[in-house]
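J.: Quick one: this structure, given as structure tokens, is what I'll be asking you about.
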Amino acid sequence: MRKITQIAFTVVVMLLLVSCKNTKQKIQEHVSSYNNSSSIKGTGITSTTAKAFLNDNKIEIRIETNLEENDTNKQTYKDSFPDLLKEMIKNDQISKELIEEGVKFDVYFLAYNNAILAQQIVDKEELAVLENAGNANEKVTAKL
């Protein structure tokens with residue numbers, strides 16, 4: 001009876017290990033899902049794509065626009081980029097689970113000629129900053 005229990009336990013453990021996905025598989029699934037279903041709403045946005053860099057544990061997200069590369073647009077989108085990132089996190093376009101596993105999201109907001117209007121790497125530290133900024137804004141709004 002004890003031997004049967006040990007064998008059954010071993011089989012269950014092996015099944016659990018086989019069914020668990022590693023980080024690289026999760027990255028691939030996230031990128032595939034993002035590219036198949038993602039849409040980001042906003043003025044001038046024409047397309048968005050994600051690309052996996054498995055060896056670097058990184059996902060690059062490119063948000064392409066029809067905007068011109070000029071100082072006004074750079075400043076506008078530099079200022080509003082954190083809000084866009086928070087929205088992407090809220091919508092799971094930037095995965096908290098993957099960030100907790102050490103994956104970095106390198107997000108680019110591009111002009112029509114592929115010049116960078118805004119760029120941010122979202123990792124554990126930046127995620128904490130974005131979440132704390134969101135919580136601070138909610139507290140200020142609640143007091144008003």
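Simple scheme: letters A, B, ... for chains in structure tokens order, numbers from 1 for residues in each chain, numbers from 1 for ligands in the order shown.
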In chain A, what's strand (DSSP E) per DSSP? Answer as a ChimeraX atom specification?

T.: /A:45-53,58-65,104-110,116-122

J.: Using only C-alpha atoms, please write the residues we just selected to a file, as an mmCIF file, in the first residue's frame.

T.:
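After the write, result.cif holds the following:
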```
data_model
loop_
_atom_site.group_PDB
_atom_site.id
_atom_site.type_symbol
_atom_site.label_atom_id
_atom_site.label_comp_id
_atom_site.auth_asym_id
_atom_site.auth_seq_id
_atom_site.Cartn_x
_atom_site.Cartn_y
_atom_site.Cartn_z
ATOM 1 C CA ILE A 45 -2.139 55.640 -33.082
ATOM 2 C CA THR A 46 -1.951 53.537 -36.246
ATOM 3 C CA SER A 47 -0.704 50.168 -34.943
ATOM 4 C CA THR A 48 0.969 48.358 -32.099
ATOM 5 C CA THR A 49 3.109 45.219 -32.051
ATOM 6 C CA ALA A 50 5.011 43.166 -29.510
ATOM 7 C CA LYS A 51 8.238 41.243 -30.045
ATOM 8 C CA ALA A 52 9.873 38.716 -27.709
ATOM 9 C CA PHE A 53 13.564 38.682 -26.838
ATOM 10 C CA LYS A 58 12.306 41.141 -22.535
ATOM 11 C CA ILE A 59 9.239 42.089 -24.534
ATOM 12 C CA GLU A 60 9.393 45.100 -26.825
ATOM 13 C CA ILE A 61 6.132 46.911 -27.529
ATOM 14 C CA ARG A 62 6.039 49.396 -30.395
ATOM 15 C CA ILE A 63 3.165 51.859 -30.590
ATOM 16 C CA GLU A 64 3.247 53.487 -34.017
ATOM 17 C CA THR A 65 1.506 56.753 -34.803
ATOM 18 C CA LYS A 104 11.093 43.685 -18.728
ATOM 19 C CA PHE A 105 8.721 45.487 -21.075
ATOM 20 C CA ASP A 106 10.453 48.012 -23.329
ATOM 21 C CA VAL A 107 7.667 50.256 -24.630
ATOM 22 C CA TYR A 108 8.187 52.727 -27.484
ATOM 23 C CA PHE A 109 5.810 55.430 -28.688
ATOM 24 C CA LEU A 110 6.897 56.267 -32.242
ATOM 25 C CA ILE A 116 10.972 57.810 -30.637
ATOM 26 C CA LEU A 117 8.522 60.247 -29.077
ATOM 27 C CA ALA A 118 8.559 58.468 -25.707
ATOM 28 C CA GLN A 119 10.140 55.297 -24.356
ATOM 29 C CA GLN A 120 10.051 53.497 -21.019
ATOM 30 C CA ILE A 121 11.279 50.195 -19.642
ATOM 31 C CA VAL A 122 8.734 48.701 -17.270
#
```

J.: Skip Gly102 in chain A itself and residues of its chain fewer than 3 positions away, then list as a list in words all residues within 10 Å of it, counting only C-alpha atoms.

T.: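 The residues satisfying every condition are Thr23, Asp56, Asn57, Lys58, Lys96, Glu97, Leu98, Ile99, Phe105, Asp123 and Lys124 of chain A.
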
J.: Can you spit out the residues from that selection as a CSV table (one decimal), in the first residue's frame, using N, CA, C and O atoms?

T.:
```csv
chain,number,residue,atom,x,y,z
A,23,THR,N,8.9,30.7,-17.9
A,23,THR,CA,8.8,32.1,-18.3
A,23,THR,C,8.9,32.3,-19.8
A,23,THR,O,8.1,33.1,-20.3
A,56,ASP,N,16.9,37.7,-23.4
A,56,ASP,CA,17.0,38.9,-22.6
A,56,ASP,C,15.9,39.0,-21.6
A,56,ASP,O,15.8,39.9,-20.8
A,57,ASN,N,14.9,38.0,-21.6
A,57,ASN,CA,13.7,38.1,-20.8
A,57,ASN,C,13.1,39.5,-21.0
A,57,ASN,O,12.8,40.2,-20.0
A,58,LYS,N,12.8,39.8,-22.2
A,58,LYS,CA,12.3,41.1,-22.5
A,58,LYS,C,11.2,41.0,-23.6
A,58,LYS,O,11.3,40.2,-24.5
A,96,LYS,N,1.7,42.0,-15.2
A,96,LYS,CA,2.3,42.1,-13.9
A,96,LYS,C,3.0,40.7,-13.6
A,96,LYS,O,4.1,40.7,-12.9
A,97,GLU,N,2.3,39.6,-13.9
A,97,GLU,CA,2.9,38.3,-13.6
A,97,GLU,C,4.2,38.1,-14.3
A,97,GLU,O,5.2,37.6,-13.6
A,98,LEU,N,4.4,38.5,-15.5
A,98,LEU,CA,5.7,38.3,-16.2
A,98,LEU,C,6.7,39.3,-15.6
A,98,LEU,O,7.9,38.9,-15.4
A,99,ILE,N,6.3,40.5,-15.2
A,99,ILE,CA,7.3,41.4,-14.5
A,99,ILE,C,7.8,40.8,-13.2
A,99,ILE,O,8.9,40.9,-12.9
A,105,PHE,N,9.5,45.0,-19.9
A,105,PHE,CA,8.7,45.5,-21.1
A,105,PHE,C,9.3,46.8,-21.5
A,105,PHE,O,9.4,47.8,-20.8
A,123,ASP,N,9.8,47.5,-15.5
A,123,ASP,CA,10.3,46.3,-14.8
A,123,ASP,C,9.7,46.4,-13.4
A,123,ASP,O,8.8,47.2,-13.2
A,124,LYS,N,10.2,45.6,-12.4
A,124,LYS,CA,9.7,45.6,-11.1
A,124,LYS,C,9.7,47.0,-10.4
A,124,LYS,O,8.7,47.4,-9.9
```

J.: Could you go through range 56-129 of chain A and tell me which residues DSSP, when run on the backbone, assigns to helix (DSSP H, G or I), listing them as a ChimeraX atom specification?

T.: /A:56,71-90,96-100,124-129

J.: Go ahead and save the residues from that selection, with C-alpha atoms, as a PDB file, in the first residue's frame.

T.:
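Wrote it out as result24.pdb, contents follow:
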```pdb
ATOM      1  CA  ASP A  56      17.048  38.857 -22.556  1.00  0.00           C
ATOM      2  CA  ASP A  71       9.439  69.004 -29.638  1.00  0.00           C
ATOM      3  CA  THR A  72       5.766  69.604 -28.849  1.00  0.00           C
ATOM      4  CA  ASN A  73       4.785  65.992 -29.558  1.00  0.00           C
ATOM      5  CA  LYS A  74       7.823  64.665 -27.687  1.00  0.00           C
ATOM      6  CA  GLN A  75       6.939  66.683 -24.593  1.00  0.00           C
ATOM      7  CA  THR A  76       3.224  65.892 -24.796  1.00  0.00           C
ATOM      8  CA  TYR A  77       3.780  62.142 -25.038  1.00  0.00           C
ATOM      9  CA  LYS A  78       6.625  62.119 -22.543  1.00  0.00           C
ATOM     10  CA  ASP A  79       4.199  63.670 -20.034  1.00  0.00           C
ATOM     11  CA  SER A  80       1.248  61.394 -20.876  1.00  0.00           C
ATOM     12  CA  PHE A  81       3.233  58.171 -21.358  1.00  0.00           C
ATOM     13  CA  PRO A  82       2.974  57.022 -17.694  1.00  0.00           C
ATOM     14  CA  ASP A  83      -0.836  57.157 -17.935  1.00  0.00           C
ATOM     15  CA  LEU A  84      -0.755  55.064 -21.115  1.00  0.00           C
ATOM     16  CA  LEU A  85       1.537  52.531 -19.398  1.00  0.00           C
ATOM     17  CA  LYS A  86      -0.803  52.321 -16.386  1.00  0.00           C
ATOM     18  CA  GLU A  87      -3.719  51.672 -18.738  1.00  0.00           C
ATOM     19  CA  MET A  88      -1.720  48.952 -20.508  1.00  0.00           C
ATOM     20  CA  ILE A  89      -0.955  47.312 -17.149  1.00  0.00           C
ATOM     21  CA  LYS A  90      -4.614  47.542 -16.141  1.00  0.00           C
ATOM     22  CA  LYS A  96       2.344  42.054 -13.906  1.00  0.00           C
ATOM     23  CA  GLU A  97       2.870  38.286 -13.627  1.00  0.00           C
ATOM     24  CA  LEU A  98       5.694  38.348 -16.181  1.00  0.00           C
ATOM     25  CA  ILE A  99       7.261  41.405 -14.547  1.00  0.00           C
ATOM     26  CA  GLU A 100       7.249  39.545 -11.217  1.00  0.00           C
ATOM     27  CA  LYS A 124       9.658  45.634 -11.087  1.00  0.00           C
ATOM     28  CA  GLU A 125      10.895  49.054  -9.939  1.00  0.00           C
ATOM     29  CA  GLU A 126       9.013  50.998 -12.611  1.00  0.00           C
ATOM     30  CA  LEU A 127       5.867  48.951 -11.993  1.00  0.00           C
ATOM     31  CA  ALA A 128       5.999  49.987  -8.323  1.00  0.00           C
ATOM     32  CA  VAL A 129       6.463  53.653  -9.323  1.00  0.00           C
TER      33      VAL A 129
END
```

J.: Between CA of Gly44 in chain A and CA of Asp92 in chain A, what is the spacing in Å?

T.: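 The value is 22.0 Å.
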
J.: Take CA of Tyr34 in chain A and CA of Asn114 in chain A and report the distance between them in Å, one decimal.

T.: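 Spanning CA of Tyr34 in chain A to CA of Asn114 in chain A is a straight-line distance of 20.2 Å.
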